file my_file.cif (mmCIF, C-alpha atoms, pLDDT in the B column; chains and numbers go by the auth columns)
data_model
loop_
_atom_site.group_PDB
_atom_site.id
_atom_site.type_symbol
_atom_site.label_atom_id
_atom_site.label_comp_id
_atom_site.label_asym_id
_atom_site.label_seq_id
_atom_site.Cartn_x
_atom_site.Cartn_y
_atom_site.Cartn_z
_atom_site.B_iso_or_equiv
_atom_site.auth_seq_id
_atom_site.auth_asym_id
ATOM 1 C CA MET A 1 7.998 -46.020 -75.843 58.00 1 M
ATOM 2 C CA ALA A 2 11.481 -46.747 -77.163 83.00 2 M
ATOM 3 C CA THR A 3 14.304 -46.855 -74.647 93.00 3 M
ATOM 4 C CA THR A 4 16.669 -43.917 -74.976 97.00 4 M
ATOM 5 C CA VAL A 5 20.405 -44.523 -74.908 98.00 5 M
ATOM 6 C CA PHE A 6 20.528 -42.439 -71.681 98.00 6 M
ATOM 7 C CA GLU A 7 18.080 -44.855 -70.011 98.00 7 M
ATOM 8 C CA ALA A 8 19.947 -47.863 -71.390 98.00 8 M
ATOM 9 C CA VAL A 9 23.250 -46.941 -69.731 98.00 9 M
ATOM 10 C CA ALA A 10 21.664 -45.770 -66.448 98.00 10 M
ATOM 11 C CA ASP A 11 21.716 -49.312 -65.071 97.00 11 M
ATOM 12 C CA PRO A 12 25.038 -50.740 -63.770 96.00 12 M
ATOM 13 C CA THR A 13 24.288 -54.287 -65.007 95.00 13 M
ATOM 14 C CA ARG A 14 23.605 -52.976 -68.514 97.00 14 M
ATOM 15 C CA ARG A 15 26.893 -51.040 -68.435 97.00 15 M
ATOM 16 C CA ALA A 16 28.646 -54.258 -67.334 96.00 16 M
ATOM 17 C CA ILE A 17 27.051 -56.143 -70.269 96.00 17 M
ATOM 18 C CA LEU A 18 28.257 -53.458 -72.697 97.00 18 M
ATOM 19 C CA GLU A 19 31.765 -53.664 -71.223 96.00 19 M
ATOM 20 C CA ARG A 20 31.867 -57.437 -71.684 95.00 20 M
ATOM 21 C CA LEU A 21 30.719 -57.129 -75.303 96.00 21 M
ATOM 22 C CA ARG A 22 33.318 -54.428 -75.928 94.00 22 M
ATOM 23 C CA GLY A 23 36.100 -56.574 -74.467 92.00 23 M
ATOM 24 C CA GLU A 24 35.104 -59.984 -75.801 92.00 24 M
ATOM 25 C CA GLY A 25 33.162 -59.358 -79.006 90.00 25 M
ATOM 26 C CA ALA A 26 30.111 -61.472 -79.934 93.00 26 M
ATOM 27 C CA LEU A 27 28.715 -63.551 -77.056 95.00 27 M
ATOM 28 C CA SER A 28 25.830 -65.992 -76.671 94.00 28 M
ATOM 29 C CA LEU A 29 23.243 -65.461 -73.935 93.00 29 M
ATOM 30 C CA SER A 30 24.821 -68.267 -71.834 91.00 30 M
ATOM 31 C CA ASP A 31 28.310 -66.766 -72.109 92.00 31 M
ATOM 32 C CA LEU A 32 26.951 -63.313 -71.306 92.00 32 M
ATOM 33 C CA ALA A 33 24.891 -64.451 -68.323 91.00 33 M
ATOM 34 C CA ARG A 34 27.661 -66.553 -66.704 90.00 34 M
ATOM 35 C CA PRO A 35 29.474 -63.876 -64.614 87.00 35 M
ATOM 36 C CA PHE A 36 26.262 -62.207 -63.413 86.00 36 M
ATOM 37 C CA ARG A 37 24.541 -63.299 -60.217 86.00 37 M
ATOM 38 C CA MET A 38 21.137 -63.227 -61.839 86.00 38 M
ATOM 39 C CA SER A 39 18.786 -65.447 -63.799 89.00 39 M
ATOM 40 C CA ARG A 40 19.017 -65.796 -67.595 90.00 40 M
ATOM 41 C CA GLN A 41 15.588 -64.177 -67.626 92.00 41 M
ATOM 42 C CA ALA A 42 16.895 -61.064 -65.860 94.00 42 M
ATOM 43 C CA VAL A 43 19.861 -60.843 -68.248 94.00 43 M
ATOM 44 C CA THR A 44 17.500 -61.315 -71.220 95.00 44 M
ATOM 45 C CA LYS A 45 15.399 -58.383 -69.991 96.00 45 M
ATOM 46 C CA HIS A 46 18.478 -56.148 -69.809 97.00 46 M
ATOM 47 C CA LEU A 47 19.520 -57.324 -73.299 97.00 47 M
ATOM 48 C CA ASP A 48 16.056 -56.431 -74.650 97.00 48 M
ATOM 49 C CA THR A 49 16.456 -52.918 -73.239 98.00 49 M
ATOM 50 C CA LEU A 50 19.917 -52.612 -74.802 98.00 50 M
ATOM 51 C CA ARG A 51 18.550 -53.822 -78.176 98.00 51 M
ATOM 52 C CA GLU A 52 15.697 -51.305 -77.988 97.00 52 M
ATOM 53 C CA SER A 53 18.220 -48.502 -77.516 97.00 53 M
ATOM 54 C CA GLY A 54 20.280 -49.754 -80.474 97.00 54 M
ATOM 55 C CA LEU A 55 23.368 -50.536 -78.358 97.00 55 M
ATOM 56 C CA VAL A 56 23.200 -54.311 -78.874 98.00 56 M
ATOM 57 C CA ARG A 57 22.320 -56.272 -81.996 97.00 57 M
ATOM 58 C CA VAL A 58 21.711 -59.993 -82.353 97.00 58 M
ATOM 59 C CA ARG A 59 23.279 -62.008 -85.143 95.00 59 M
ATOM 60 C CA ARG A 60 22.808 -65.639 -86.096 94.00 60 M
ATOM 61 C CA VAL A 61 26.042 -67.655 -86.299 91.00 61 M
ATOM 62 C CA GLY A 62 25.115 -71.145 -87.470 91.00 62 M
ATOM 63 C CA ARG A 63 22.583 -72.382 -84.914 90.00 63 M
ATOM 64 C CA GLN A 64 23.587 -69.865 -82.276 91.00 64 M
ATOM 65 C CA ARG A 65 22.375 -66.332 -81.595 94.00 65 M
ATOM 66 C CA VAL A 66 25.191 -64.012 -80.567 97.00 66 M
ATOM 67 C CA HIS A 67 25.038 -60.502 -79.138 97.00 67 M
ATOM 68 C CA GLU A 68 27.241 -57.717 -80.429 96.00 68 M
ATOM 69 C CA LEU A 69 27.967 -54.184 -79.287 96.00 69 M
ATOM 70 C CA GLU A 70 26.819 -51.299 -81.500 94.00 70 M
ATOM 71 C CA SER A 71 28.577 -48.311 -79.985 93.00 71 M
ATOM 72 C CA ALA A 72 27.425 -45.622 -82.439 91.00 72 M
ATOM 73 C CA PRO A 73 24.283 -44.625 -80.441 94.00 73 M
ATOM 74 C CA LEU A 74 26.588 -43.583 -77.574 95.00 74 M
ATOM 75 C CA ARG A 75 27.482 -40.565 -79.722 92.00 75 M
ATOM 76 C CA GLU A 76 24.216 -39.026 -78.563 95.00 76 M
ATOM 77 C CA ILE A 77 25.510 -38.970 -74.978 96.00 77 M
ATOM 78 C CA ASP A 78 28.898 -37.712 -76.131 93.00 78 M
ATOM 79 C CA ASP A 79 27.262 -34.873 -78.079 93.00 79 M
ATOM 80 C CA TRP A 80 25.081 -34.022 -75.085 96.00 80 M
ATOM 81 C CA LEU A 81 28.144 -33.883 -72.806 94.00 81 M
ATOM 82 C CA ALA A 82 30.213 -31.652 -75.123 90.00 82 M
ATOM 83 C CA PRO A 83 28.927 -28.215 -73.957 91.00 83 M
ATOM 84 C CA TYR A 84 29.357 -29.222 -70.296 92.00 84 M
ATOM 85 C CA ALA A 85 32.908 -30.400 -70.934 84.00 85 M
ATOM 86 C CA ALA A 86 34.038 -26.802 -71.443 77.00 86 M
ATOM 87 C CA ALA A 87 33.796 -26.402 -67.664 72.00 87 M
ATOM 88 C CA TRP A 88 36.345 -29.068 -66.850 72.00 88 M
ATOM 89 C CA ASP A 89 38.468 -29.354 -70.028 67.00 89 M
ATOM 90 C CA ARG A 90 40.172 -32.580 -68.994 58.00 90 M
ATOM 91 C CA ARG A 91 38.852 -34.199 -72.143 58.00 91 M
ATOM 92 C CA LEU A 92 40.641 -31.569 -74.180 65.00 92 M
ATOM 93 C CA GLU A 93 43.917 -32.161 -72.341 72.00 93 M
ATOM 94 C CA ARG A 94 43.674 -35.915 -72.805 71.00 94 M
ATOM 95 C CA LEU A 95 43.105 -35.582 -76.530 70.00 95 M
ATOM 96 C CA ARG A 96 45.787 -32.956 -76.936 79.00 96 M
ATOM 97 C CA ASP A 97 48.238 -35.468 -75.434 82.00 97 M
ATOM 98 C CA HIS A 98 46.912 -38.132 -77.788 82.00 98 M
ATOM 99 C CA LEU A 99 47.343 -35.940 -80.866 84.00 99 M
ATOM 100 C CA GLU A 100 50.847 -34.906 -79.799 86.00 100 M
ATOM 101 C CA ARG A 101 51.860 -38.551 -79.481 84.00 101 M
ATOM 102 C CA GLU A 102 50.379 -39.179 -82.936 79.00 102 M
ATOM 103 C CA ASP A 103 52.382 -36.322 -84.473 74.00 103 M
ATOM 104 C CA SER A 104 55.724 -37.358 -82.974 67.00 104 M
ATOM 105 C CA MET B 1 21.154 -45.580 -52.043 58.00 105 P
ATOM 106 C CA ALA B 2 22.774 -42.516 -53.585 83.00 106 P
ATOM 107 C CA THR B 3 21.750 -41.588 -57.114 93.00 107 P
ATOM 108 C CA THR B 4 24.494 -42.187 -59.661 97.00 108 P
ATOM 109 C CA VAL B 5 25.220 -39.535 -62.246 98.00 109 P
ATOM 110 C CA PHE B 6 24.138 -42.051 -64.939 98.00 110 P
ATOM 111 C CA GLU B 7 20.712 -42.333 -63.292 98.00 111 P
ATOM 112 C CA ALA B 8 20.493 -38.581 -62.833 98.00 112 P
ATOM 113 C CA VAL B 9 20.858 -37.805 -66.551 98.00 113 P
ATOM 114 C CA ALA B 10 18.657 -40.720 -67.697 98.00 114 P
ATOM 115 C CA ASP B 11 15.525 -38.582 -67.345 97.00 115 P
ATOM 116 C CA PRO B 12 14.748 -35.993 -70.081 96.00 116 P
ATOM 117 C CA THR B 13 13.304 -33.459 -67.601 95.00 117 P
ATOM 118 C CA ARG B 14 16.453 -33.635 -65.484 97.00 118 P
ATOM 119 C CA ARG B 15 18.576 -33.100 -68.605 97.00 119 P
ATOM 120 C CA ALA B 16 16.391 -30.091 -69.454 96.00 120 P
ATOM 121 C CA ILE B 17 16.915 -28.686 -65.923 96.00 121 P
ATOM 122 C CA LEU B 18 20.697 -29.082 -66.302 97.00 122 P
ATOM 123 C CA GLU B 19 20.575 -27.323 -69.681 95.00 123 P
ATOM 124 C CA ARG B 20 18.674 -24.390 -68.196 95.00 124 P
ATOM 125 C CA LEU B 21 21.168 -24.072 -65.341 96.00 125 P
ATOM 126 C CA ARG B 22 24.052 -24.273 -67.826 94.00 126 P
ATOM 127 C CA GLY B 23 22.521 -21.522 -69.975 92.00 127 P
ATOM 128 C CA GLU B 24 21.157 -19.203 -67.311 92.00 128 P
ATOM 129 C CA GLY B 25 23.303 -19.744 -64.218 90.00 129 P
ATOM 130 C CA ALA B 26 21.786 -19.733 -60.727 93.00 130 P
ATOM 131 C CA LEU B 27 17.979 -20.021 -60.656 95.00 131 P
ATOM 132 C CA SER B 28 15.340 -20.107 -57.933 94.00 132 P
ATOM 133 C CA LEU B 29 12.847 -22.970 -57.826 93.00 133 P
ATOM 134 C CA SER B 30 10.104 -20.708 -59.246 92.00 134 P
ATOM 135 C CA ASP B 31 12.281 -19.607 -62.158 92.00 135 P
ATOM 136 C CA LEU B 32 13.334 -23.179 -62.812 92.00 136 P
ATOM 137 C CA ALA B 33 9.814 -24.598 -62.666 91.00 137 P
ATOM 138 C CA ARG B 34 8.225 -21.959 -64.924 90.00 138 P
ATOM 139 C CA PRO B 35 8.859 -23.498 -68.399 87.00 139 P
ATOM 140 C CA PHE B 36 7.968 -27.029 -67.310 86.00 140 P
ATOM 141 C CA ARG B 37 4.422 -28.344 -67.541 86.00 141 P
ATOM 142 C CA MET B 38 4.612 -29.931 -64.111 86.00 142 P
ATOM 143 C CA SER B 39 3.981 -29.087 -60.475 89.00 143 P
ATOM 144 C CA ARG B 40 6.633 -27.416 -58.306 90.00 144 P
ATOM 145 C CA GLN B 41 6.567 -30.641 -56.322 92.00 145 P
ATOM 146 C CA ALA B 42 7.559 -32.701 -59.378 94.00 146 P
ATOM 147 C CA VAL B 43 10.353 -30.265 -60.225 94.00 147 P
ATOM 148 C CA THR B 44 11.528 -30.357 -56.584 95.00 148 P
ATOM 149 C CA LYS B 45 11.725 -34.151 -56.757 96.00 149 P
ATOM 150 C CA HIS B 46 13.892 -33.969 -59.881 97.00 150 P
ATOM 151 C CA LEU B 47 16.092 -31.335 -58.202 97.00 151 P
ATOM 152 C CA ASP B 48 16.526 -33.605 -55.162 97.00 152 P
ATOM 153 C CA THR B 49 17.738 -36.392 -57.475 98.00 153 P
ATOM 154 C CA LEU B 50 20.146 -34.001 -59.200 98.00 154 P
ATOM 155 C CA ARG B 51 21.478 -32.827 -55.817 98.00 155 P
ATOM 156 C CA GLU B 52 21.967 -36.421 -54.673 97.00 156 P
ATOM 157 C CA SER B 53 24.097 -37.087 -57.751 97.00 157 P
ATOM 158 C CA GLY B 54 26.135 -33.937 -57.109 97.00 158 P
ATOM 159 C CA LEU B 55 25.085 -32.229 -60.369 97.00 159 P
ATOM 160 C CA VAL B 56 23.137 -29.427 -58.667 98.00 160 P
ATOM 161 C CA ARG B 57 23.991 -27.480 -55.528 97.00 161 P
ATOM 162 C CA VAL B 58 21.836 -25.030 -53.610 97.00 162 P
ATOM 163 C CA ARG B 59 23.172 -21.700 -52.445 95.00 163 P
ATOM 164 C CA ARG B 60 21.551 -19.027 -50.312 94.00 164 P
ATOM 165 C CA VAL B 61 21.471 -15.559 -51.874 91.00 165 P
ATOM 166 C CA GLY B 62 19.948 -13.181 -49.308 91.00 166 P
ATOM 167 C CA ARG B 63 16.550 -14.706 -48.536 90.00 167 P
ATOM 168 C CA GLN B 64 16.432 -16.796 -51.682 91.00 168 P
ATOM 169 C CA ARG B 65 17.691 -20.303 -52.381 94.00 169 P
ATOM 170 C CA VAL B 66 19.193 -20.627 -55.838 97.00 170 P
ATOM 171 C CA HIS B 67 20.204 -23.751 -57.756 97.00 171 P
ATOM 172 C CA GLU B 68 23.508 -23.996 -59.586 96.00 172 P
ATOM 173 C CA LEU B 69 25.019 -26.513 -61.985 96.00 173 P
ATOM 174 C CA GLU B 70 28.031 -28.541 -60.811 94.00 174 P
ATOM 175 C CA SER B 71 29.251 -30.166 -64.017 93.00 175 P
ATOM 176 C CA ALA B 72 32.330 -31.984 -62.630 91.00 176 P
ATOM 177 C CA PRO B 73 30.471 -35.265 -61.814 94.00 177 P
ATOM 178 C CA LEU B 74 29.694 -35.605 -65.546 95.00 178 P
ATOM 179 C CA ARG B 75 33.364 -36.542 -65.981 92.00 179 P
ATOM 180 C CA GLU B 76 32.432 -39.998 -64.763 95.00 180 P
ATOM 181 C CA ILE B 77 30.209 -40.467 -67.836 96.00 181 P
ATOM 182 C CA ASP B 78 32.869 -38.967 -70.096 93.00 182 P
ATOM 183 C CA ASP B 79 35.498 -41.347 -68.702 93.00 183 P
ATOM 184 C CA TRP B 80 33.138 -44.282 -69.137 96.00 184 P
ATOM 185 C CA LEU B 81 32.488 -43.307 -72.773 94.00 185 P
ATOM 186 C CA ALA B 82 36.166 -42.902 -73.711 91.00 186 P
ATOM 187 C CA PRO B 83 36.988 -46.541 -74.610 91.00 187 P
ATOM 188 C CA TYR B 84 33.797 -46.808 -76.707 92.00 188 P
ATOM 189 C CA ALA B 85 34.666 -43.625 -78.580 84.00 189 P
ATOM 190 C CA ALA B 86 37.541 -45.401 -80.344 77.00 190 P
ATOM 191 C CA ALA B 87 34.916 -47.108 -82.479 72.00 191 P
ATOM 192 C CA TRP B 88 33.502 -43.949 -83.935 72.00 192 P
ATOM 193 C CA ASP B 89 36.333 -41.386 -83.613 67.00 193 P
ATOM 194 C CA ARG B 90 34.135 -38.402 -84.396 58.00 194 P
ATOM 195 C CA ARG B 91 35.086 -36.892 -81.070 58.00 195 P
ATOM 196 C CA LEU B 92 38.717 -37.045 -82.144 66.00 196 P
ATOM 197 C CA GLU B 93 37.971 -35.294 -85.436 72.00 197 P
ATOM 198 C CA ARG B 94 36.010 -32.552 -83.685 70.00 198 P
ATOM 199 C CA LEU B 95 38.823 -31.882 -81.243 71.00 199 P
ATOM 200 C CA ARG B 96 41.486 -32.033 -83.929 79.00 200 P
ATOM 201 C CA ASP B 97 39.574 -29.245 -85.751 82.00 201 P
ATOM 202 C CA HIS B 98 39.349 -27.317 -82.487 81.00 202 P
ATOM 203 C CA LEU B 99 43.101 -27.599 -81.801 84.00 203 P
ATOM 204 C CA GLU B 100 43.959 -26.617 -85.383 86.00 204 P
ATOM 205 C CA ARG B 101 41.832 -23.477 -85.065 84.00 205 P
ATOM 206 C CA GLU B 102 43.601 -22.706 -81.786 78.00 206 P
ATOM 207 C CA ASP B 103 47.047 -23.065 -83.409 74.00 207 P
ATOM 208 C CA SER B 104 46.266 -20.837 -86.422 67.00 208 P
#
call {"tool": "encode", "arguments": {"input": "my_file.cif", "output": "structure tokens"}}
result
Amino acid sequence: MATTVFEAVADPTRRAILERLRGEGALSLSDLARPFRMSRQAVTKHLDTLRESGLVRVRRVGRQRVHELESAPLREIDDWLAPYAAAWDRRLERLRDHLEREDS
Amino acid sequence: MATTVFEAVADPTRRAILERLRGEGALSLSDLARPFRMSRQAVTKHLDTLRESGLVRVRRVGRQRVHELESAPLREIDDWLAPYAAAWDRRLERLRDHLEREDS
């Protein structure tokens, strides 16, 4: 069964991998694995899960394979959250501030 | 170890329970379990996980125990998503439309 994007982000290590890819762009497996206290094999398993969910894609750059973030599937979580957000409305406030700064 | 809110919403049945509580308000275990093709025991286990994450609270109403949605912990997911949202900006468009309707 394919991994859903909800399952993919449930694990803290997978969220940390996504954050590194967001901050640093394309990374090889060695570069990705370096800060984690786990085997390359364990990191590879998490990367497979992230690829299954569509959040990470692999690209060939010369002789290297690099991993890139694909953030679009996260929209599914954002859309799921939207009706709940009405109850707390902080999101709305934050974006209202953002739009006001844009207009000025 | 306490269940994180990310783990709590990773499961489709738990998301379905949250959606029922959002739509229908406080529900007893029997009312909650009815539409699901699973034992009361399985539903109870999912409810325990949701309570651990803070997304569901139990209240006594007379002799009944009812389950209620507590949506505030979902902010943690919303906050985590925010920096990724820059890449797709649909959220911004949706809220811009919302604010324009409010102003008119």
call {"tool": "closest_atom_pairs", "arguments": {"input": "my_file.cif", "of": "stretch 12-85 of chain M", "to": "stretch 178-202 of chain P", "cutoff": "10 Å", "atoms": "only C-alpha atoms", "output": "tab-separated table"}}
result
residue	atom	partner	partner_atom	distance
M:Arg15	CA	P:Trp184	CA	9.2
M:Leu18	CA	P:Tyr188	CA	9.5
M:Glu19	CA	P:Tyr188	CA	9.0
M:Arg22	CA	P:Tyr188	CA	7.7
M:Leu69	CA	P:Tyr188	CA	9.7
M:Glu70	CA	P:Ala191	CA	9.2
M:Ser71	CA	P:Tyr188	CA	6.3
M:Ala72	CA	P:Trp192	CA	6.5
M:Pro73	CA	P:Trp192	CA	9.9
M:Leu74	CA	P:Leu185	CA	7.6
M:Arg75	CA	P:Ala189	CA	7.9
M:Ile77	CA	P:Leu185	CA	8.5
M:Asp78	CA	P:Asp182	CA	7.3
M:Asp79	CA	P:Arg195	CA	8.6
M:Leu81	CA	P:Asp182	CA	7.5
M:Ala82	CA	P:Asp182	CA	9.3
M:Tyr84	CA	P:Leu178	CA	8.0
M:Ala85	CA	P:Arg179	CA	7.9
call {"tool": "resolve_selection", "arguments": {"input": "my_file.cif", "expression": "the PyMOL selection byres ((chain M) within 6 of (chain P))", "output": "MDAnalysis selection string"}}
result
chainID M and resid 6:7 10
call {"tool": "calpha_fit_and_write", "arguments": {"input": "my_file.cif", "fixed": "chain M", "moving": "chain P", "output": "mmCIF file with C-alpha atoms, in the coordinates of the input"}}
result
data_model
loop_
_atom_site.group_PDB
_atom_site.id
_atom_site.type_symbol
_atom_site.label_atom_id
_atom_site.label_comp_id
_atom_site.auth_asym_id
_atom_site.auth_seq_id
_atom_site.Cartn_x
_atom_site.Cartn_y
_atom_site.Cartn_z
ATOM 1 C CA MET P 105 7.966 -46.062 -75.769
ATOM 2 C CA ALA P 106 11.439 -46.789 -77.110
ATOM 3 C CA THR P 107 14.291 -46.879 -74.616
ATOM 4 C CA THR P 108 16.656 -43.935 -74.962
ATOM 5 C CA VAL P 109 20.380 -44.546 -74.896
ATOM 6 C CA PHE P 110 20.532 -42.457 -71.676
ATOM 7 C CA GLU P 111 18.096 -44.865 -70.005
ATOM 8 C CA ALA P 112 19.938 -47.872 -71.383
ATOM 9 C CA VAL P 113 23.264 -46.954 -69.754
ATOM 10 C CA ALA P 114 21.691 -45.771 -66.471
ATOM 11 C CA ASP P 115 21.752 -49.318 -65.085
ATOM 12 C CA PRO P 116 25.089 -50.733 -63.799
ATOM 13 C CA THR P 117 24.331 -54.277 -65.032
ATOM 14 C CA ARG P 118 23.625 -52.980 -68.532
ATOM 15 C CA ARG P 119 26.904 -51.036 -68.469
ATOM 16 C CA ALA P 120 28.666 -54.240 -67.381
ATOM 17 C CA ILE P 121 27.057 -56.142 -70.298
ATOM 18 C CA LEU P 122 28.259 -53.460 -72.740
ATOM 19 C CA GLU P 123 31.775 -53.662 -71.282
ATOM 20 C CA ARG P 124 31.852 -57.431 -71.735
ATOM 21 C CA LEU P 125 30.695 -57.136 -75.347
ATOM 22 C CA ARG P 126 33.296 -54.418 -75.967
ATOM 23 C CA GLY P 127 36.065 -56.601 -74.519
ATOM 24 C CA GLU P 128 35.067 -60.004 -75.846
ATOM 25 C CA GLY P 129 33.113 -59.375 -79.047
ATOM 26 C CA ALA P 130 30.073 -61.477 -79.959
ATOM 27 C CA LEU P 131 28.681 -63.574 -77.087
ATOM 28 C CA SER P 132 25.807 -66.017 -76.689
ATOM 29 C CA LEU P 133 23.249 -65.472 -73.936
ATOM 30 C CA SER P 134 24.814 -68.274 -71.850
ATOM 31 C CA ASP P 135 28.295 -66.779 -72.140
ATOM 32 C CA LEU P 136 26.960 -63.337 -71.327
ATOM 33 C CA ALA P 137 24.923 -64.467 -68.327
ATOM 34 C CA ARG P 138 27.688 -66.567 -66.735
ATOM 35 C CA PRO P 139 29.530 -63.892 -64.661
ATOM 36 C CA PHE P 140 26.335 -62.235 -63.437
ATOM 37 C CA ARG P 141 24.631 -63.329 -60.234
ATOM 38 C CA MET P 142 21.202 -63.228 -61.830
ATOM 39 C CA SER P 143 18.825 -65.452 -63.764
ATOM 40 C CA ARG P 144 19.035 -65.810 -67.553
ATOM 41 C CA GLN P 145 15.615 -64.184 -67.563
ATOM 42 C CA ALA P 146 16.944 -61.059 -65.821
ATOM 43 C CA VAL P 147 19.887 -60.863 -68.222
ATOM 44 C CA THR P 148 17.499 -61.328 -71.176
ATOM 45 C CA LYS P 149 15.413 -58.400 -69.934
ATOM 46 C CA HIS P 150 18.496 -56.174 -69.782
ATOM 47 C CA LEU P 151 19.507 -57.334 -73.279
ATOM 48 C CA ASP P 152 16.032 -56.460 -74.597
ATOM 49 C CA THR P 153 16.443 -52.928 -73.203
ATOM 50 C CA LEU P 154 19.890 -52.633 -74.792
ATOM 51 C CA ARG P 155 18.499 -53.834 -78.142
ATOM 52 C CA GLU P 156 15.649 -51.323 -77.949
ATOM 53 C CA SER P 157 18.179 -48.519 -77.509
ATOM 54 C CA GLY P 158 20.216 -49.799 -80.458
ATOM 55 C CA LEU P 159 23.329 -50.561 -78.366
ATOM 56 C CA VAL P 160 23.153 -54.337 -78.866
ATOM 57 C CA ARG P 161 22.260 -56.302 -81.983
ATOM 58 C CA VAL P 162 21.650 -60.021 -82.336
ATOM 59 C CA ARG P 163 23.193 -62.030 -85.131
ATOM 60 C CA ARG P 164 22.721 -65.663 -86.079
ATOM 61 C CA VAL P 165 25.930 -67.695 -86.289
ATOM 62 C CA GLY P 166 24.991 -71.203 -87.461
ATOM 63 C CA ARG P 167 22.465 -72.396 -84.879
ATOM 64 C CA GLN P 168 23.503 -69.884 -82.254
ATOM 65 C CA ARG P 169 22.304 -66.349 -81.589
ATOM 66 C CA VAL P 170 25.127 -64.041 -80.580
ATOM 67 C CA HIS P 171 24.983 -60.520 -79.152
ATOM 68 C CA GLU P 172 27.201 -57.741 -80.449
ATOM 69 C CA LEU P 173 27.930 -54.196 -79.318
ATOM 70 C CA GLU P 174 26.769 -51.319 -81.539
ATOM 71 C CA SER P 175 28.540 -48.322 -80.026
ATOM 72 C CA ALA P 176 27.368 -45.629 -82.493
ATOM 73 C CA PRO P 177 24.228 -44.641 -80.479
ATOM 74 C CA LEU P 178 26.547 -43.594 -77.620
ATOM 75 C CA ARG P 179 27.431 -40.568 -79.763
ATOM 76 C CA GLU P 180 24.174 -39.034 -78.609
ATOM 77 C CA ILE P 181 25.484 -38.984 -75.019
ATOM 78 C CA ASP P 182 28.869 -37.710 -76.182
ATOM 79 C CA ASP P 183 27.217 -34.882 -78.129
ATOM 80 C CA TRP P 184 25.057 -34.021 -75.135
ATOM 81 C CA LEU P 185 28.131 -33.884 -72.871
ATOM 82 C CA ALA P 186 30.195 -31.655 -75.183
ATOM 83 C CA PRO P 187 28.930 -28.219 -74.034
ATOM 84 C CA TYR P 188 29.343 -29.226 -70.364
ATOM 85 C CA ALA P 189 32.903 -30.378 -70.998
ATOM 86 C CA ALA P 190 34.024 -26.768 -71.496
ATOM 87 C CA ALA P 191 33.775 -26.380 -67.734
ATOM 88 C CA TRP P 192 36.312 -29.023 -66.914
ATOM 89 C CA ASP P 193 38.477 -29.294 -70.065
ATOM 90 C CA ARG P 194 40.171 -32.509 -68.997
ATOM 91 C CA ARG P 195 38.908 -34.163 -72.146
ATOM 92 C CA LEU P 196 40.723 -31.511 -74.155
ATOM 93 C CA GLU P 197 43.979 -32.111 -72.283
ATOM 94 C CA ARG P 198 43.726 -35.868 -72.782
ATOM 95 C CA LEU P 199 43.184 -35.496 -76.509
ATOM 96 C CA ARG P 200 45.895 -32.880 -76.865
ATOM 97 C CA ASP P 201 48.328 -35.429 -75.338
ATOM 98 C CA HIS P 202 47.001 -38.069 -77.724
ATOM 99 C CA LEU P 203 47.474 -35.848 -80.801
ATOM 100 C CA GLU P 204 50.974 -34.831 -79.687
ATOM 101 C CA ARG P 205 51.969 -38.490 -79.364
ATOM 102 C CA GLU P 206 50.548 -39.101 -82.840
ATOM 103 C CA ASP P 207 52.589 -36.225 -84.323
ATOM 104 C CA SER P 208 55.914 -37.286 -82.750
#
call {"tool": "axis_aligned_box", "arguments": {"input": "my_file.cif", "around": "stretch 153-167 of chain P", "padding_each_side": "6 Å", "output": "AutoDock Vina command-line options"}}
result
--center_x 21.3 --center_y -25.1 --center_z -54.5 --size_x 21.6 --size_y 35.9 --size_z 23.8
call {"tool": "resolve_selection", "arguments": {"input": "my_file.cif", "expression": "the PyMOL selection byres ((chain P and resi 132-137) around 7)", "output": "VMD selection string"}}
result
chain P and resid 131 138 to 140 144 147 169 to 171
call {"tool": "resolve_selection", "arguments": {"input": "my_file.cif", "expression": "the PyMOL selection byres ((chain P and resi 154) around 9)", "output": "list in words"}}
result
Thr107, Val109, Ala112, Val113, Arg118, Leu122, Lys149, His150, Leu151, Asp152, Thr153, Arg155, Glu156, Ser157, Gly158, Leu159, Val160 and Arg161 of chain P
call {"tool": "atom_distance", "arguments": {"input": "my_file.cif", "atom1": "atom CA of P:Gly129", "atom2": "atom CA of P:Arg163"}}
result
11.9 Å
call {"tool": "atom_distance", "arguments": {"input": "my_file.cif", "atom1": "atom CA of P:Gln168", "atom2": "atom CA of P:Ala146"}}
result
19.8 Å
